[in-house]
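> My structure is in structure_3.cif, and what it holds is mmCIF, C-alpha atoms:
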```
data_final
loop_
_atom_site.label_atom_id
_atom_site.label_comp_id
_atom_site.auth_asym_id
_atom_site.auth_seq_id
_atom_site.Cartn_x
_atom_site.Cartn_y
_atom_site.Cartn_z
CA MET A 1 59.65 160.99 78.61
CA GLN A 2 61.87 162.80 76.13
CA GLY A 3 65.63 162.84 76.62
CA ALA A 4 68.37 164.64 74.70
CA VAL A 5 71.13 162.53 73.13
CA PHE A 6 74.21 163.32 71.03
CA PRO A 7 74.19 161.45 67.69
CA GLY A 8 77.45 163.21 66.72
CA ASN A 9 78.25 165.76 64.02
CA LYS A 10 77.14 168.68 66.20
CA THR A 11 73.53 167.60 66.55
CA VAL A 12 71.21 166.94 69.49
CA ALA A 13 68.19 164.68 69.16
CA LEU A 14 65.19 164.27 71.44
CA MET A 15 64.29 160.59 71.88
CA GLU A 16 61.56 158.81 73.82
CA PHE A 17 62.62 156.86 76.90
CA PRO A 18 60.55 155.08 79.56
CA ASP A 19 60.11 156.95 82.84
CA PRO A 20 62.63 155.45 85.29
CA THR A 21 61.73 153.52 88.43
CA PRO A 22 64.14 153.32 91.37
CA GLY A 23 65.87 150.16 92.52
CA PRO A 24 66.22 149.47 96.27
CA ASN A 25 69.12 151.91 96.78
CA GLU A 26 68.14 154.44 94.12
CA VAL A 27 66.05 157.55 93.80
CA VAL A 28 64.28 159.20 90.89
CA LEU A 29 64.60 162.95 90.58
CA GLU A 30 62.22 165.28 88.81
CA MET A 31 64.58 167.62 86.99
CA LYS A 32 64.30 171.34 87.57
CA ALA A 33 67.59 172.45 85.96
CA SER A 34 70.30 170.70 83.97
CA GLY A 35 73.42 172.62 83.08
CA ILE A 36 75.32 172.65 79.81
CA CYS A 37 79.06 172.16 80.29
CA GLY A 38 82.10 172.65 78.07
CA SER A 39 83.03 168.99 78.48
CA ASP A 40 79.74 168.10 76.71
CA LEU A 41 81.18 169.48 73.50
CA LYS A 42 83.36 166.44 72.80
CA ASN A 43 80.27 164.24 72.62
CA TYR A 44 78.32 166.93 70.80
CA ARG A 45 81.05 167.20 68.16
CA GLY A 46 81.59 163.45 68.02
CA THR A 47 85.24 163.75 69.08
CA PHE A 48 85.08 161.99 72.47
CA VAL A 49 87.86 159.43 72.88
CA GLY A 50 86.92 156.62 75.22
CA LYS A 51 84.54 153.72 75.70
CA LEU A 52 80.85 154.56 75.56
CA PRO A 53 77.76 152.32 75.87
CA SER A 54 76.30 151.03 72.62
CA GLY A 55 72.83 152.46 73.15
CA PRO A 56 71.71 156.10 73.25
CA ILE A 57 72.55 157.90 76.50
CA ILE A 58 70.68 160.94 77.81
CA ALA A 59 73.13 163.82 78.14
CA GLY A 60 73.56 166.29 80.98
CA HIS A 61 75.92 165.88 83.94
CA GLU A 62 74.86 168.97 85.93
CA PRO A 63 71.47 167.81 87.27
CA CYS A 64 69.45 169.46 89.99
CA GLY A 65 65.89 168.73 91.04
CA ILE A 66 63.48 167.22 93.54
CA VAL A 67 63.34 163.63 94.78
CA SER A 68 60.10 162.23 93.38
CA ALA A 69 60.50 158.54 94.31
CA LYS A 70 62.91 156.40 96.31
CA GLY A 71 63.79 152.74 96.62
CA SER A 72 62.79 150.47 99.49
CA ALA A 73 66.26 150.47 101.10
CA VAL A 74 66.83 154.23 100.98
CA GLN A 75 66.89 155.72 104.48
CA THR A 76 68.99 158.91 104.27
CA HIS A 77 67.37 162.22 105.18
CA VAL A 78 68.61 163.98 102.05
CA ALA A 79 66.83 161.39 99.88
CA ARG A 80 63.35 161.90 101.31
CA VAL A 81 60.62 162.52 98.74
CA GLY A 82 60.39 166.27 98.10
CA SER A 83 64.05 167.02 98.93
CA ARG A 84 65.79 169.66 96.81
CA VAL A 85 69.04 168.06 95.67
CA MET A 86 72.09 168.21 93.45
CA VAL A 87 73.90 165.12 92.17
CA HIS A 88 77.57 164.19 92.50
CA HIS A 89 77.40 162.74 89.04
CA TYR A 90 79.53 159.59 89.37
CA LYS A 91 78.92 156.04 90.56
CA GLY A 92 81.94 154.16 91.87
CA CYS A 93 82.48 150.77 93.48
CA GLY A 94 81.64 152.24 96.89
CA CYS A 95 84.39 150.29 98.64
CA CYS A 96 87.75 151.82 97.64
CA SER A 97 89.46 154.68 99.48
CA ASP A 98 88.51 157.14 96.73
CA CYS A 99 84.81 156.30 96.94
CA MET A 100 84.80 156.34 100.73
CA THR A 101 86.37 159.81 100.81
CA GLY A 102 83.95 161.23 98.24
CA TRP A 103 86.30 161.20 95.25
CA THR A 104 84.11 158.77 93.33
CA HIS A 105 85.34 159.89 89.92
CA MET A 106 88.83 158.62 90.83
CA CYS A 107 87.51 155.08 91.41
CA ALA A 108 89.39 152.55 89.25
CA ASP A 109 86.17 150.52 88.96
CA LYS A 110 83.89 153.48 88.35
CA GLU A 111 80.58 152.17 87.05
CA ALA A 112 79.01 155.31 85.66
CA SER A 113 79.41 158.97 84.86
CA TYR A 114 75.90 160.36 84.57
CA GLY A 115 75.33 162.14 81.27
CA LEU A 116 78.21 160.26 79.64
CA THR A 117 78.07 156.52 80.33
CA ALA A 118 74.66 156.50 82.07
CA HIS A 119 71.54 158.59 81.58
CA GLY A 120 71.90 162.20 82.69
CA GLY A 121 69.78 165.22 83.45
CA HIS A 122 68.61 166.42 80.02
CA ALA A 123 65.20 164.79 80.56
CA ARG A 124 62.22 165.17 82.86
CA TYR A 125 63.40 162.39 85.20
CA LEU A 126 66.76 160.98 86.31
CA LYS A 127 67.51 157.81 88.27
CA VAL A 128 70.67 157.80 90.44
CA PRO A 129 71.98 156.02 93.55
CA ALA A 130 70.79 157.73 96.73
CA ASP A 131 74.38 158.17 97.91
CA THR A 132 75.14 160.53 95.01
CA LEU A 133 72.76 163.20 96.35
CA VAL A 134 73.94 166.49 97.85
CA GLU A 135 71.37 168.69 99.56
CA LEU A 136 70.61 172.03 97.91
CA PRO A 137 70.25 174.88 100.44
CA ASP A 138 66.73 176.32 100.46
CA ASP A 139 67.88 179.80 99.43
CA LEU A 140 69.65 178.61 96.28
CA SER A 141 67.82 178.21 92.98
CA PHE A 142 67.84 174.96 91.04
CA GLU A 143 69.86 176.72 88.33
CA VAL A 144 72.57 177.58 90.85
CA GLY A 145 72.49 173.99 92.06
CA ALA A 146 73.06 172.79 88.51
CA ALA A 147 76.05 175.11 88.14
CA ILE A 148 77.55 173.88 91.42
CA SER A 149 77.05 170.29 90.23
CA CYS A 150 79.94 170.72 87.81
CA GLY A 151 81.14 174.04 86.40
CA SER A 152 81.07 176.25 89.49
CA GLY A 153 81.90 173.28 91.70
CA THR A 154 84.97 172.66 89.55
CA ALA A 155 86.01 176.28 90.09
CA TRP A 156 85.63 175.78 93.84
CA GLY A 157 87.65 172.56 93.64
CA ALA A 158 90.55 174.35 91.95
CA LEU A 159 90.65 177.02 94.65
CA LYS A 160 90.58 174.31 97.32
CA LYS A 161 93.37 172.42 95.58
CA ILE A 162 95.75 175.39 95.67
CA GLY A 163 94.65 176.44 99.13
CA TYR A 164 93.68 179.93 98.01
CA ALA A 165 93.70 182.25 101.03
CA ASN A 166 94.60 185.64 102.47
CA CYS A 167 92.71 187.67 99.86
CA ALA A 168 95.76 187.36 97.62
CA ARG A 169 96.12 188.27 93.98
CA ILE A 170 95.28 185.49 91.57
CA VAL A 171 95.54 185.10 87.81
CA VAL A 172 92.61 183.30 86.20
CA VAL A 173 93.44 182.17 82.68
CA GLY A 174 90.27 181.76 80.63
CA GLN A 175 86.97 183.48 81.37
CA GLY A 176 84.51 180.89 80.18
CA PRO A 177 81.91 179.60 82.67
CA VAL A 178 84.46 177.88 84.94
CA GLY A 179 86.92 180.78 84.86
CA GLN A 180 84.13 183.24 85.58
CA ALA A 181 83.07 181.14 88.56
CA VAL A 182 86.64 181.24 89.89
CA THR A 183 86.57 185.03 89.48
CA LYS A 184 83.24 185.28 91.28
CA PHE A 185 84.37 183.12 94.22
CA VAL A 186 87.66 184.97 94.66
CA VAL A 187 85.90 188.34 94.66
CA ALA A 188 83.48 186.99 97.29
CA MET A 189 86.53 186.04 99.38
CA GLY A 190 87.91 189.56 99.12
CA GLY A 191 90.67 188.68 96.68
CA GLU A 192 91.95 190.47 93.58
CA VAL A 193 91.57 188.81 90.18
CA ILE A 194 93.67 189.36 87.09
CA ALA A 195 91.54 187.83 84.32
CA ILE A 196 93.10 186.64 81.05
CA ASP A 197 91.25 185.68 77.86
CA ILE A 198 91.31 186.18 74.11
CA ASN A 199 87.66 187.24 73.90
CA HIS A 200 86.73 190.88 74.52
CA ASP A 201 83.16 190.09 75.59
CA ARG A 202 84.27 187.55 78.17
CA LEU A 203 86.77 190.02 79.57
CA LEU A 204 83.99 192.60 79.86
CA ASP A 205 81.94 190.00 81.74
CA ALA A 206 84.89 189.31 84.03
CA LYS A 207 85.08 193.01 84.83
CA LYS A 208 81.37 193.05 85.67
CA LEU A 209 81.91 190.05 87.96
CA GLY A 210 84.54 191.99 89.88
CA ALA A 211 87.90 191.28 88.23
CA ALA A 212 90.35 194.04 89.14
CA PHE A 213 92.32 193.77 85.88
CA THR A 214 91.71 192.16 82.50
CA ILE A 215 94.30 191.15 79.92
CA HIS A 216 93.57 190.30 76.29
CA SER A 217 96.31 187.75 75.64
CA GLY A 218 95.61 187.77 71.93
CA GLU A 219 96.73 191.39 71.76
CA ILE A 220 99.44 191.68 74.42
CA ASP A 221 101.78 189.23 76.07
CA ALA A 222 100.11 187.97 79.26
CA TRP A 223 103.31 187.72 81.29
CA ASP A 224 104.47 191.19 80.24
CA ALA A 225 101.17 192.61 81.50
CA VAL A 226 101.22 190.63 84.76
CA ARG A 227 104.87 191.48 85.33
CA GLU A 228 104.03 195.18 85.08
CA LEU A 229 101.08 194.83 87.47
CA THR A 230 103.14 192.92 90.04
CA HIS A 231 106.45 194.79 89.68
CA GLY A 232 108.09 191.71 88.22
CA LYS A 233 107.07 189.32 91.00
CA GLY A 234 104.20 187.38 89.43
CA VAL A 235 101.27 186.17 91.53
CA PRO A 236 101.04 183.57 94.32
CA TYR A 237 98.06 181.74 92.78
CA VAL A 238 96.99 180.86 89.24
CA VAL A 239 94.03 178.85 87.94
CA GLU A 240 94.15 177.78 84.28
CA THR A 241 90.72 177.04 82.79
CA SER A 242 91.20 177.58 79.05
CA GLY A 243 92.68 174.19 78.16
CA SER A 244 94.78 175.87 75.46
CA ASP A 245 98.49 175.50 74.77
CA GLN A 246 99.19 179.20 75.29
CA GLY A 247 96.91 179.42 78.31
CA GLY A 248 98.82 176.64 80.03
CA LEU A 249 102.16 178.30 79.35
CA ASP A 250 100.85 181.70 80.48
CA ALA A 251 99.66 180.12 83.74
CA LEU A 252 103.18 178.93 84.55
CA ARG A 253 104.83 182.15 83.42
CA CYS A 254 102.54 184.37 85.51
CA ALA A 255 103.09 182.47 88.76
CA GLY A 256 105.64 184.00 91.10
CA ALA A 257 108.20 182.28 93.30
CA TRP A 258 106.62 179.62 95.54
CA GLY A 259 103.40 180.03 93.55
CA LYS A 260 100.62 177.47 93.23
CA VAL A 261 99.04 176.69 89.87
CA ALA A 262 95.90 174.62 89.24
CA PHE A 263 95.26 173.21 85.77
CA VAL A 264 91.52 172.77 85.23
CA GLY A 265 90.99 173.20 81.47
CA MET A 266 91.32 169.88 79.68
CA GLY A 267 93.29 169.69 76.46
CA GLY A 268 96.36 171.55 75.34
CA THR A 269 100.05 170.70 75.42
CA VAL A 270 102.46 172.88 77.36
CA ALA A 271 106.03 173.19 76.09
CA LEU A 272 107.80 174.57 79.13
CA ASN A 273 111.29 175.38 80.30
CA VAL A 274 111.51 173.15 83.37
CA THR A 275 114.39 175.12 84.90
CA ASP A 276 112.90 178.61 84.53
CA HIS A 277 109.20 177.87 84.77
CA LEU A 278 109.22 175.27 87.54
CA ILE A 279 112.45 174.61 89.39
CA ARG A 280 113.85 178.07 89.98
CA LYS A 281 110.43 179.40 90.95
CA GLN A 282 109.75 176.43 93.27
CA LEU A 283 106.27 176.14 91.75
CA ARG A 284 103.63 173.74 93.03
CA VAL A 285 101.48 172.61 90.10
CA PHE A 286 98.23 170.72 90.55
CA GLY A 287 95.83 168.96 88.23
CA SER A 288 92.27 169.63 89.38
CA TRP A 289 89.47 167.41 88.08
CA THR A 290 86.04 168.45 89.34
CA PHE A 291 85.63 167.97 93.13
CA SER A 292 84.76 165.57 95.92
CA LYS A 293 81.22 165.13 97.19
CA SER A 294 82.07 167.02 100.38
CA TRP A 295 83.58 169.91 98.39
CA GLN A 296 80.36 170.13 96.37
CA GLU A 297 78.42 170.47 99.61
CA GLU A 298 80.95 173.01 100.90
CA CYS A 299 80.68 175.06 97.72
CA ALA A 300 76.90 175.25 98.05
CA ALA A 301 77.23 176.30 101.70
CA PHE A 302 79.70 179.06 100.76
CA VAL A 303 77.42 180.37 98.00
CA SER A 304 74.50 180.39 100.42
CA LYS A 305 76.36 181.98 103.35
CA HIS A 306 78.01 184.73 101.32
CA GLN A 307 75.10 185.25 98.91
CA VAL A 308 77.36 184.74 95.90
CA GLU A 309 75.37 185.71 92.81
CA VAL A 310 76.08 182.61 90.74
CA GLU A 311 73.03 183.53 88.64
CA LYS A 312 75.16 186.25 87.04
CA LEU A 313 77.24 183.54 85.37
CA PHE A 314 74.24 182.52 83.22
CA SER A 315 73.88 184.08 79.81
CA ASN A 316 71.25 181.69 78.41
CA ARG A 317 68.34 179.67 79.76
CA TRP A 318 66.59 177.15 77.52
CA GLU A 319 63.69 174.73 77.50
CA LEU A 320 64.31 171.09 76.57
CA GLY A 321 62.65 171.59 73.18
CA GLN A 322 65.27 174.25 72.35
CA ILE A 323 68.24 172.07 73.16
CA ASP A 324 69.61 171.80 69.62
CA GLU A 325 69.72 175.60 69.37
CA ALA A 326 71.24 175.77 72.86
CA TYR A 327 74.18 173.58 71.94
CA ARG A 328 74.71 175.26 68.56
CA LEU A 329 75.20 178.57 70.37
CA PHE A 330 77.23 177.09 73.23
CA ASP A 331 79.56 175.39 70.74
CA GLN A 332 80.74 178.83 69.60
CA GLN A 333 82.26 179.24 73.09
CA VAL A 334 81.54 182.94 73.30
CA THR A 335 78.71 182.83 75.85
CA GLY A 336 78.53 182.42 79.60
CA LYS A 337 76.87 179.55 81.41
CA SER A 338 73.84 177.88 79.78
CA VAL A 339 71.17 175.76 81.47
CA ILE A 340 68.09 173.75 80.55
CA VAL A 341 65.18 174.62 82.84
CA PHE A 342 62.06 172.58 83.50
CA ALA A 343 58.73 174.00 84.61
#
```
Would you mind writing the file out in structure tokens?

Amino acid sequence: MQGAVFPGNKTVALMEFPDPTPGPNEVVLEMKASGICGSDLKNYRGTFVGKLPSGPIIAGHEPCGIVSAKGSAVQTHVARVGSRVMVHHYKGCGCCSDCMTGWTHMCADKEASYGLTAHGGHARYLKVPADTLVELPDDLSFEVGAAISCGSGTAWGALKKIGYANCARIVVVGQGPVGQAVTKFVVAMGGEVIAIDINHDRLLDAKKLGAAFTIHSGEIDAWDAVRELTHGKGVPYVVETSGSDQGGLDALRCAGAWGKVAFVGMGGTVALNVTDHLIRKQLRVFGSWTFSKSWQEECAAFVSKHQVEVEKLFSNRWELGQIDEAYRLFDQQVTGKSVIVFA
């Protein structure tokens, strides 16, 4: 089979790999959709800092497909041949409190992150442990399942982390794929979104997704605009997805007294006034890194129950043979969600 790998220097190569066979506790999935995520760009650009395997690794950590084979010891219902499944794309030790509560990516002895340190979904087949599978509801497309497997699931995780409720106003800083997913989920919950970005097209997309207000923070001061909208109070909830220095600062400035702020976007350094930005506002600030396995399942159930149109987050669909072009466009960071689809 062909699999996509990142040689570095903003290139993607298709290499030949043997079709995988499952071990006793593993399954092989036939891929139907494999999402492209902003965190892929570090490997694509060759700027990832961390330990990677010496050999080529198939990219793609948003896999969704059908179980095509299973190992001899696999008994779970979700892993039956023919099941439509997503993947919680980490393998931990399986014994620590983080693994046993579904937060596998927090495992100190984490063995694999699929698409980064072990083969991922940018190929026809993917081998993973059976206990990484999350069932995909029948009414959701494989593309939606791929989105929930990281980007949209990460948006859900941020809202869970801050306990978003009561249809309250929320500021969403950054309207890339994750920020747009936050916007879409909040609108589905009946809430009011103030969307902030420095890209006009993304702000137009946010408006189409239901944002009540949009603010171009490259043209006007974000806090000045939010202060006017909220009569000086700020908002009770903020999710920061841009990963930029200014975005992080704007997130803290726009939160009102007793507000909750989730930082999702990786990167950036925030130079803040601890007294004014945190202490006197009694802020609660959370780091939010993807989601637990149960939250992934919960996100899919919410999308299914409320018929959330996650498909509207996609701006580009590609075949595996177009993957170099797909990443060249995605690297410009002006599009919505992108996904590799398999016939």
> Set out as CSV a contact list for stretch 255-282 of chain A and stretch 290-308 of chain A with a cut-off of 12 Å, giving each residue of stretch 255-282 of chain A that qualifies its closest atom pair and distance in Å to one decimal, counting all atoms listed in the file, ordered by chain and rising residue number.

```
residue,atom,partner,partner_atom,distance
A:Ala262,CA,A:Thr290,CA,11.6
A:Phe263,CA,A:Thr290,CA,11.0
A:Val264,CA,A:Thr290,CA,8.1
A:Gly265,CA,A:Thr290,CA,10.4
A:Met266,CA,A:Thr290,CA,11.1
```
> Tell me which protein, DNA and RNA residues are within 10 Å of stretch 274-279 of chain A, counting only C-alpha atoms, leaving out same-chain ones fewer than 5 positions away, and put them as a list in words.
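Close residues of stretch 274-279 of chain A: Leu249, Ala251, Leu252, Arg253, Cys254, Ala255, Gly256, Ala257, Trp258, Gly259, Arg284 and Val285 of chain A.
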> Given the selection you just returned, output its residues as a file containing C-alpha atoms, formatted as a PDB file, in the frame of the given file.

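File part-v5.pdb, as written:
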```
ATOM      1  CA  LEU A 249     102.160 178.300  79.350  1.00  0.00           C
ATOM      2  CA  ALA A 251      99.660 180.120  83.740  1.00  0.00           C
ATOM      3  CA  LEU A 252     103.180 178.930  84.550  1.00  0.00           C
ATOM      4  CA  ARG A 253     104.830 182.150  83.420  1.00  0.00           C
ATOM      5  CA  CYS A 254     102.540 184.370  85.510  1.00  0.00           C
ATOM      6  CA  ALA A 255     103.090 182.470  88.760  1.00  0.00           C
ATOM      7  CA  GLY A 256     105.640 184.000  91.100  1.00  0.00           C
ATOM      8  CA  ALA A 257     108.200 182.280  93.300  1.00  0.00           C
ATOM      9  CA  TRP A 258     106.620 179.620  95.540  1.00  0.00           C
ATOM     10  CA  GLY A 259     103.400 180.030  93.550  1.00  0.00           C
ATOM     11  CA  ARG A 284     103.630 173.740  93.030  1.00  0.00           C
ATOM     12  CA  VAL A 285     101.480 172.610  90.100  1.00  0.00           C
TER      13      VAL A 285
END
```
> The PyMOL selection byres ((chain A and resi 171-186) around 6) on the file shown: which residues, as a count of residues only?
22
> Expanded to explicit residues, what is the PyMOL selection byres ((chain A and resi 8) around 10) for this file, as a JSON list (two decimals) with C-alpha atoms, in the coordinates of the input?

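Written file, out.json:
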```json
[["chain", "number", "residue", "atom", "x", "y", "z"],
["A", 5, "VAL", "CA", 71.13, 162.53, 73.13],
["A", 6, "PHE", "CA", 74.21, 163.32, 71.03],
["A", 7, "PRO", "CA", 74.19, 161.45, 67.69],
["A", 9, "ASN", "CA", 78.25, 165.76, 64.02],
["A", 10, "LYS", "CA", 77.14, 168.68, 66.20],
["A", 11, "THR", "CA", 73.53, 167.60, 66.55],
["A", 12, "VAL", "CA", 71.21, 166.94, 69.49],
["A", 13, "ALA", "CA", 68.19, 164.68, 69.16],
["A", 41, "LEU", "CA", 81.18, 169.48, 73.50],
["A", 42, "LYS", "CA", 83.36, 166.44, 72.80],
["A", 43, "ASN", "CA", 80.27, 164.24, 72.62],
["A", 44, "TYR", "CA", 78.32, 166.93, 70.80],
["A", 45, "ARG", "CA", 81.05, 167.20, 68.16],
["A", 46, "GLY", "CA", 81.59, 163.45, 68.02],
["A", 47, "THR", "CA", 85.24, 163.75, 69.08],
["A", 48, "PHE", "CA", 85.08, 161.99, 72.47]]
```
> Which distance in Å separates atom CA of A:Ser315 and atom CA of A:Ala59, to one decimal?
20.3 Å
> Compare A:Ala69, A:Cys93, A:Ile323, A:Val81 by their minimum atom-to-atom distance to A:Leu14, counting all atoms listed in the file, and give me the closest one.
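The answer is A:Ile323, which sits nearest to A:Leu14.
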> Can you measure atom CA of A:Gly248 to atom CA of A:Thr154 for me? One decimal in Å is fine.
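Going from atom CA of A:Gly248 over to atom CA of A:Thr154 covers 17.3 Å.
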> So how many Å separate atom CA of A:Pro20 and atom CA of A:Asp324, to one decimal?
23.7 Å
> Taking the file as shown, what set of residues would the PyMOL selection byres ((chain A and resi 113) around 12) give back, as an MDAnalysis selection string?
chainID A and resid 51:53 57:62 87:92 104:107 109:112 114:121 128:129 132
